[in-house]
>>> print(open('input_18.txt').read())   # compact mmCIF, C-alpha atoms
# COMPACT_ATOMS: atom_id res chain seq x y z
CA MET A 1 122.33 136.95 134.78
CA SER A 2 121.46 133.41 133.74
CA GLN A 3 118.45 132.11 131.82
CA PHE A 4 116.38 129.38 133.47
CA LYS A 5 113.47 127.26 132.29
CA ILE A 6 111.28 126.54 135.28
CA SER A 7 108.23 124.29 135.59
CA TYR A 8 105.77 124.04 138.48
CA VAL A 9 103.38 121.11 138.76
CA ILE A 10 99.69 122.00 138.47
CA THR A 11 96.76 120.26 140.14
CA GLY A 12 93.73 120.47 137.87
CA LEU A 13 93.39 121.56 134.21
CA GLN A 14 92.17 118.10 133.18
CA ASP A 15 89.39 119.75 131.20
CA VAL A 16 91.66 122.42 129.71
CA ILE A 17 94.56 120.26 128.52
CA PRO A 18 93.08 116.73 128.59
CA ASN A 19 95.52 115.19 126.10
CA LYS A 20 99.28 114.81 126.47
CA GLU A 21 99.91 116.67 123.21
CA ASP A 22 97.81 119.67 124.31
CA VAL A 23 99.54 122.98 125.01
CA LEU A 24 98.01 126.22 126.27
CA GLN A 25 100.07 129.41 126.01
CA ILE A 26 99.16 132.34 128.26
CA GLY A 27 101.61 135.17 127.76
CA ASP A 28 105.07 133.81 128.55
CA VAL A 29 103.69 130.79 130.40
CA LYS A 30 103.06 127.45 128.70
CA PHE A 31 100.73 124.90 130.30
CA HIS A 32 101.45 121.40 129.05
CA TYR A 33 102.23 117.82 130.03
CA ARG A 34 105.55 116.71 131.42
CA GLY A 35 105.22 112.94 131.50
CA ASP A 36 102.02 112.26 133.41
CA GLU A 37 102.02 115.63 135.16
CA ARG A 38 100.51 118.90 133.99
CA VAL A 39 102.92 121.79 134.51
CA GLY A 40 103.24 125.50 133.97
CA THR A 41 106.56 126.42 132.35
CA ILE A 42 108.30 129.73 131.82
CA SER A 43 111.81 130.93 130.96
CA MET A 44 113.19 133.48 133.43
CA GLU A 45 116.34 135.47 134.00
CA GLY A 46 117.84 135.52 137.46
CA VAL A 47 121.05 135.95 139.39
CA ASP A 48 120.51 132.41 140.67
CA SER A 49 117.90 129.69 140.41
CA GLU A 50 116.28 130.65 143.73
CA GLN A 51 115.56 134.18 142.51
CA ALA A 52 114.29 132.83 139.20
CA GLN A 53 112.00 130.35 140.99
CA VAL A 54 110.22 133.12 142.89
CA SER A 55 109.74 135.24 139.77
CA ALA A 56 108.58 132.22 137.78
CA LEU A 57 106.07 131.22 140.44
CA GLN A 58 104.56 134.71 140.47
CA LYS A 59 104.09 134.74 136.70
CA ILE A 60 102.79 131.17 136.47
CA ILE A 61 100.23 131.80 139.22
CA LYS A 62 98.98 135.00 137.55
CA SER A 63 98.57 133.12 134.27
CA LEU A 64 96.80 130.29 136.11
CA TYR A 65 94.30 132.80 137.54
CA LYS A 66 93.44 133.85 133.99
CA VAL A 67 92.98 130.24 132.86
CA CYS A 68 90.72 129.44 135.82
CA PHE A 69 88.47 132.36 135.01
CA ALA A 70 88.42 131.98 131.23
CA TYR A 71 87.68 128.24 131.32
CA ASN A 72 85.60 128.36 134.53
CA THR A 73 87.80 125.63 135.99
CA GLU A 74 89.75 124.94 139.18
CA ALA A 75 93.51 124.57 139.37
CA MET A 76 96.40 125.40 141.67
CA ILE A 77 100.12 124.94 142.11
CA LYS A 78 100.79 121.56 143.71
CA ARG A 79 102.68 122.57 146.83
CA ASP A 80 104.31 119.26 147.67
CA ALA A 81 105.58 118.50 144.17
CA GLY A 82 109.07 119.19 142.89
CA ILE A 83 110.14 122.16 140.78
CA TYR A 84 111.82 121.34 137.46
CA ILE A 85 114.68 123.67 136.51
CA VAL A 86 116.99 123.88 133.50
CA ASP A 87 119.90 126.33 133.57
CA ILE A 88 119.71 127.25 129.89
CA THR A 89 122.78 129.50 130.05
CA ASN A 90 125.23 127.13 131.73
CA LYS A 91 123.81 123.58 131.64
CA PRO A 92 121.09 123.44 128.98
CA ASP A 93 121.12 119.63 128.79
CA LEU A 94 120.64 119.08 132.53
CA GLU A 95 117.27 119.31 134.25
CA LYS A 96 117.27 119.48 138.04
CA VAL A 97 114.40 118.62 140.32
CA VAL A 98 114.24 120.84 143.39
CA GLY A 99 112.18 119.40 146.22
CA THR A 100 109.58 121.44 148.04
CA PHE A 101 108.49 120.84 151.59
CA THR A 102 105.25 121.78 153.29
CA PHE A 103 105.66 122.58 156.97
CA ARG A 104 102.40 121.91 158.75
CA TRP A 105 101.67 123.01 162.28
CA SER A 106 99.77 120.76 164.64
CA TYR A 107 98.37 121.46 168.09
CA VAL A 108 96.49 118.70 169.91
CA LYS A 109 95.65 119.36 173.55
CA TRP A 110 93.79 116.11 174.23
CA GLU A 111 94.46 112.64 172.97
CA PRO A 112 92.09 111.95 170.04
CA GLU A 113 90.21 109.31 172.04
CA LYS A 114 89.58 111.84 174.82
CA SER A 115 88.32 114.42 172.32
CA ILE A 116 85.88 111.93 170.78
CA SER A 117 84.67 110.87 174.22
CA LYS A 118 84.08 114.46 175.35
CA ILE A 119 82.32 115.35 172.11
CA LYS A 120 79.99 112.38 172.64
CA SER A 121 79.30 113.60 176.17
CA ILE A 122 78.39 117.17 175.25
CA SER A 123 74.97 118.44 176.33
CA LYS A 124 72.26 117.59 173.82
CA ASP A 125 71.19 121.23 173.47
CA LYS A 126 74.72 122.11 172.29
CA THR A 127 75.17 119.23 169.81
CA ASP A 128 73.87 121.03 166.73
CA LEU A 129 75.89 124.12 167.51
CA LEU A 130 79.09 122.13 167.94
CA ASP A 131 78.35 120.31 164.67
CA LEU A 132 78.08 123.68 162.91
CA ALA A 133 81.31 124.93 164.46
CA LEU A 134 83.16 121.74 163.50
CA ALA A 135 81.76 121.93 159.96
CA TYR A 136 83.40 125.34 159.56
CA TYR A 137 86.53 124.05 161.28
CA SER A 138 86.77 121.16 158.80
CA LEU A 139 86.89 123.67 155.93
CA GLY A 140 90.24 124.81 157.33
CA TYR A 141 92.03 121.99 155.55
CA TYR A 142 95.52 122.89 154.42
CA ASP A 143 94.85 123.26 150.68
CA ASN A 144 91.95 125.69 151.22
CA PRO A 145 93.55 129.10 150.59
CA LEU A 146 90.77 130.78 152.57
CA ARG A 147 91.21 128.57 155.63
CA ILE A 148 91.58 131.67 157.82
CA GLU A 149 87.95 132.48 157.00
CA ALA A 150 86.87 128.97 157.96
CA PHE A 151 88.53 129.32 161.36
CA PHE A 152 87.02 132.75 162.05
CA SER A 153 83.57 131.40 161.09
CA CYS A 154 84.04 128.54 163.56
CA LEU A 155 85.09 131.01 166.25
CA THR A 156 82.06 133.19 165.55
CA VAL A 157 79.64 130.28 165.95
CA ILE A 158 80.98 129.47 169.41
CA ILE A 159 81.55 133.02 170.68
CA ARG A 160 77.99 133.98 169.66
CA ASN A 161 76.63 131.19 171.84
CA ILE A 162 78.93 131.86 174.78
CA LEU A 163 77.99 135.56 174.80
CA GLY A 164 74.29 134.72 174.59
CA ILE A 165 73.78 136.48 171.26
CA SER A 166 70.78 135.38 169.21
CA GLU A 167 71.53 133.00 166.35
CA LYS A 168 69.97 135.52 163.95
CA GLU A 169 72.21 138.37 165.08
CA ASN A 170 75.70 139.13 163.82
CA VAL A 171 78.69 139.10 166.14
CA ILE A 172 80.47 142.44 165.87
CA THR A 173 84.25 142.60 165.89
CA PRO A 174 84.73 143.84 169.50
CA GLU A 175 82.49 141.02 170.76
CA LEU A 176 84.38 138.38 168.78
CA LYS A 177 87.74 139.70 169.91
CA GLY A 178 86.66 140.04 173.54
CA GLY A 179 85.15 136.56 173.62
CA ILE A 180 88.28 134.93 172.22
CA LYS A 181 90.56 136.93 174.50
CA LYS A 182 88.56 136.08 177.61
CA ILE A 183 88.90 132.36 176.91
CA LEU A 184 92.62 132.59 176.15
CA VAL A 185 93.22 134.55 179.38
CA GLU A 186 91.30 131.96 181.38
CA LYS A 187 93.24 129.06 179.86
CA ASP A 188 96.73 130.58 179.98
CA SER A 189 98.19 131.93 183.22
CA ASN A 190 101.02 133.47 181.20
CA PHE A 191 98.73 135.23 178.73
CA GLY A 192 100.42 138.26 177.20
CA ASN A 193 98.02 141.08 176.41
CA ASP A 194 100.43 143.03 174.20
CA LYS A 195 101.28 139.91 172.23
CA PHE A 196 97.60 139.14 171.70
CA GLU A 197 96.81 142.70 170.60
CA GLU A 198 99.62 142.59 168.05
CA ALA A 199 98.51 139.17 166.81
CA TRP A 200 94.89 140.32 166.53
CA LYS A 201 95.94 143.29 164.40
CA ASP A 202 97.95 141.02 162.10
CA CYS A 203 95.37 138.23 161.92
CA TYR A 204 92.11 140.14 161.87
CA GLY A 205 92.73 143.82 161.28
CA ASP A 206 95.25 143.34 158.49
CA GLU A 207 94.90 139.87 156.96
CA ARG A 208 91.26 138.85 157.36
CA CYS A 209 89.85 142.31 156.69
CA SER A 210 92.11 142.72 153.67
CA ILE A 211 90.75 139.46 152.25
CA VAL A 212 87.11 140.24 153.10
CA HIS A 213 87.24 143.77 151.73
CA GLY A 214 89.26 143.00 148.63
CA HIS A 215 92.53 144.70 149.55
CA GLY A 216 95.96 143.26 148.91
CA SER A 217 96.90 140.63 151.47
CA ARG A 218 99.77 138.29 152.25
CA LEU A 219 97.62 135.47 150.86
CA ILE A 220 97.92 136.71 147.28
CA ASP A 221 101.48 137.99 147.55
CA ILE A 222 103.56 134.89 146.83
CA SER A 223 106.59 136.43 148.53
CA LYS A 224 104.63 136.65 151.81
CA ILE A 225 103.01 133.20 151.85
CA ALA A 226 105.13 132.14 154.84
CA GLU A 227 103.88 135.20 156.78
CA HIS A 228 100.30 134.31 155.86
CA GLU A 229 100.74 130.71 157.03
CA LYS A 230 102.12 131.93 160.37
CA ILE A 231 99.06 134.14 160.82
CA VAL A 232 96.69 131.29 159.92
CA ASN A 233 98.44 129.02 162.42
CA THR A 234 97.79 131.61 165.14
CA VAL A 235 94.06 131.71 164.32
CA HIS A 236 94.06 127.91 164.14
CA PHE A 237 95.45 127.81 167.71
CA TRP A 238 92.80 130.26 168.94
CA THR A 239 90.11 128.16 167.27
CA ARG A 240 91.19 124.90 168.87
CA GLU A 241 91.46 126.54 172.29
CA VAL A 242 87.94 127.95 171.97
CA ILE A 243 86.54 124.60 170.80
CA TYR A 244 88.23 122.78 173.70
CA TYR A 245 86.80 125.37 176.09
CA PHE A 246 83.30 125.02 174.66
CA ILE A 247 83.35 121.22 174.81
CA GLU A 248 84.68 121.20 178.38
CA ARG A 249 82.16 123.77 179.53
CA ASN A 250 79.16 121.97 178.04
CA GLN A 251 79.62 118.41 179.23
CA SER A 252 76.38 116.62 180.01
CA MET A 253 75.64 116.08 183.68
CA GLU A 254 73.72 112.86 182.98
>>> encode(input="input_18.txt", output="C-alpha cells")
Amino acid sequence: MSQFKISYVITGLQDVIPNKEDVLQIGDVKFHYRGDERVGTISMEGVDSEQAQVSALQKIIKSLYKVCFAYNTEAMIKRDAGIYIVDITNKPDLEKVVGTFTFRWSYVKWEPEKSISKIKSISKDKTDLLDLALAYYSLGYYDNPLRIEAFFSCLTVIIRNILGISEKENVITPELKGGIKKILVEKDSNFGNDKFEEAWKDCYGDERCSIVHGHGSRLIDISKIAEHEKIVNTVHFWTREVIYYFIERNQSME
C-alpha cells in the first residue's frame, strides 16, 4: 500500500476561507488555498492512485457537506478541474495533475432555428404552459445535482395538459408514465416496451423515488455517479421528445 496526498478543487467557500492563508480542518480533510484555487486535501492509502482518488473523493465530499451545513454556504467539487496527487511513499517531491473529463450527452432533433420558429408559432393558449415547462427544463443544467427532478417536473407540466387534467390537480405516477410512454410509442416505430419498463424502474421507481423519499440513491453514492448520469440522460431524452411533441401538436393555425 502506498500513501497519497490528494487534492480536489472546490467551487465556493469564498466566505469560509476568504484569505489565502486560511485553513479549515474537518476531520482528516483540510480545506485551503492552492495558488488561486480552493481545494480539499486528504492523505489516503491505496494500492494505486486510482483507488486512492475514489476514497479521497468520498471523504472530501462528506466533509464538504458538513461545511456547507455548518456555515450555511454553497460549495461543490469542481468536476472539470484537475486532481492534484502526490505519491508520498515513492515520489514525495513530485506532484502530478490528473485531468478529469466531463462527458455530456446532447440530443437535438431540430435545428435550433427551427425550434425557435416553432416555439414562436405555438398557439397562444399554450404559450404560458410551454414557458412553465421550459422554465423547469432550464433547471436541468449540468451542474444541478437534482436535474432529474427538473426534467420530471417539466414532463409533468406537459403530460398534465395533454391528458386534460386540471392545473390544480396532481398527476399520479401511472398517468405520468402512461402519457410519456404513449408519446414515445407514437414517435418511435421501433419502440421497445420491455426496454422502457426497465428504464422507468431505474429512472423513476429507483432513482427519483429514492431521492424524493430520502433513501440512498446513485446520486449520493460517488461510486455510482456514472450510473446516475446515464439515468438522467434517459429522462432528458424523454423530456425533449415530449417537448417536441407538444410544440408540434400545438402549432397555431393562423
>>> atom_distance(input="input_18.txt", atom1="CA of Glu167 in chain A", atom2="CA of Lys126 in chain A")
12.8 Å
>>> residues_around(input="input_18.txt", residues="Ile148 in chain A", least_positions_apart="6", cutoff="12 Å", atoms="all atoms listed in the file", output="VMD selection string")
chain A and resid 136 to 142 154 to 155 203 to 204 207 to 212 218 to 219 228 to 239
>>> atom_distance(input="input_18.txt", atom1="CA of Phe152 in chain A", atom2="CA of Asp202 in chain A")
13.7 Å
>>> residues_around(input="input_18.txt", residues="Ile88 in chain A", least_positions_apart="3", cutoff="9 Å", atoms="all atoms listed in the file", output="ChimeraX atom specification")
/A:2-5,43,91-94
>>> residues_around(input="input_18.txt", residues="range 7-9 of chain A", least_positions_apart="4", cutoff="10 Å", atoms="all atoms listed in the file", output="ChimeraX atom specification")
/A:29-34,37-43,53,56-57,60-61,76-86,97
>>> closest_residue(input="input_18.txt", among="A:Ser217, A:Phe246, A:Glu197, A:Ala52", to="Leu146 in chain A", atoms="all atoms listed in the file")
A:Ser217
>>> closest_residue(input="input_18.txt", among="A:Ala135, A:Leu13, A:Leu64, A:Ile165", to="Ser153 in chain A", atoms="only C-alpha atoms")
A:Ala135
>>> axis_aligned_box(input="input_18.txt", around="range 56-69 of chain A", padding_each_side="5 Å", output="lines of an AutoDock Vina configuration file")
center_x = 98.5
center_y = 132.2
center_z = 136.7
size_x = 30.1
size_y = 15.6
size_z = 17.6
>>> atom_distance(input="input_18.txt", atom1="CA of Lys120 in chain A", atom2="CA of Ser252 in chain A")
9.2 Å
>>> closest_residue(input="input_18.txt", among="A:Ile225, A:Ile17, A:Ala199, A:Ile183", to="Ile243 in chain A", atoms="only C-alpha atoms")
A:Ile183
>>> closest_residue(input="input_18.txt", among="A:Ile10, A:Ser115, A:Gly178, A:Ala133", to="Gln251 in chain A", atoms="only C-alpha atoms")
A:Ser115
>>> residues_around(input="input_18.txt", residues="Leu129 in chain A", least_positions_apart="5", cutoff="10 Å", atoms="all atoms listed in the file", output="PyMOL selection string")
chain A and resi 124+134-135+157-158+161+167
>>> closest_residue(input="input_18.txt", among="A:Val171, A:Ala75, A:Val47, A:Val67", to="Thr11 in chain A", atoms="only C-alpha atoms")
A:Ala75
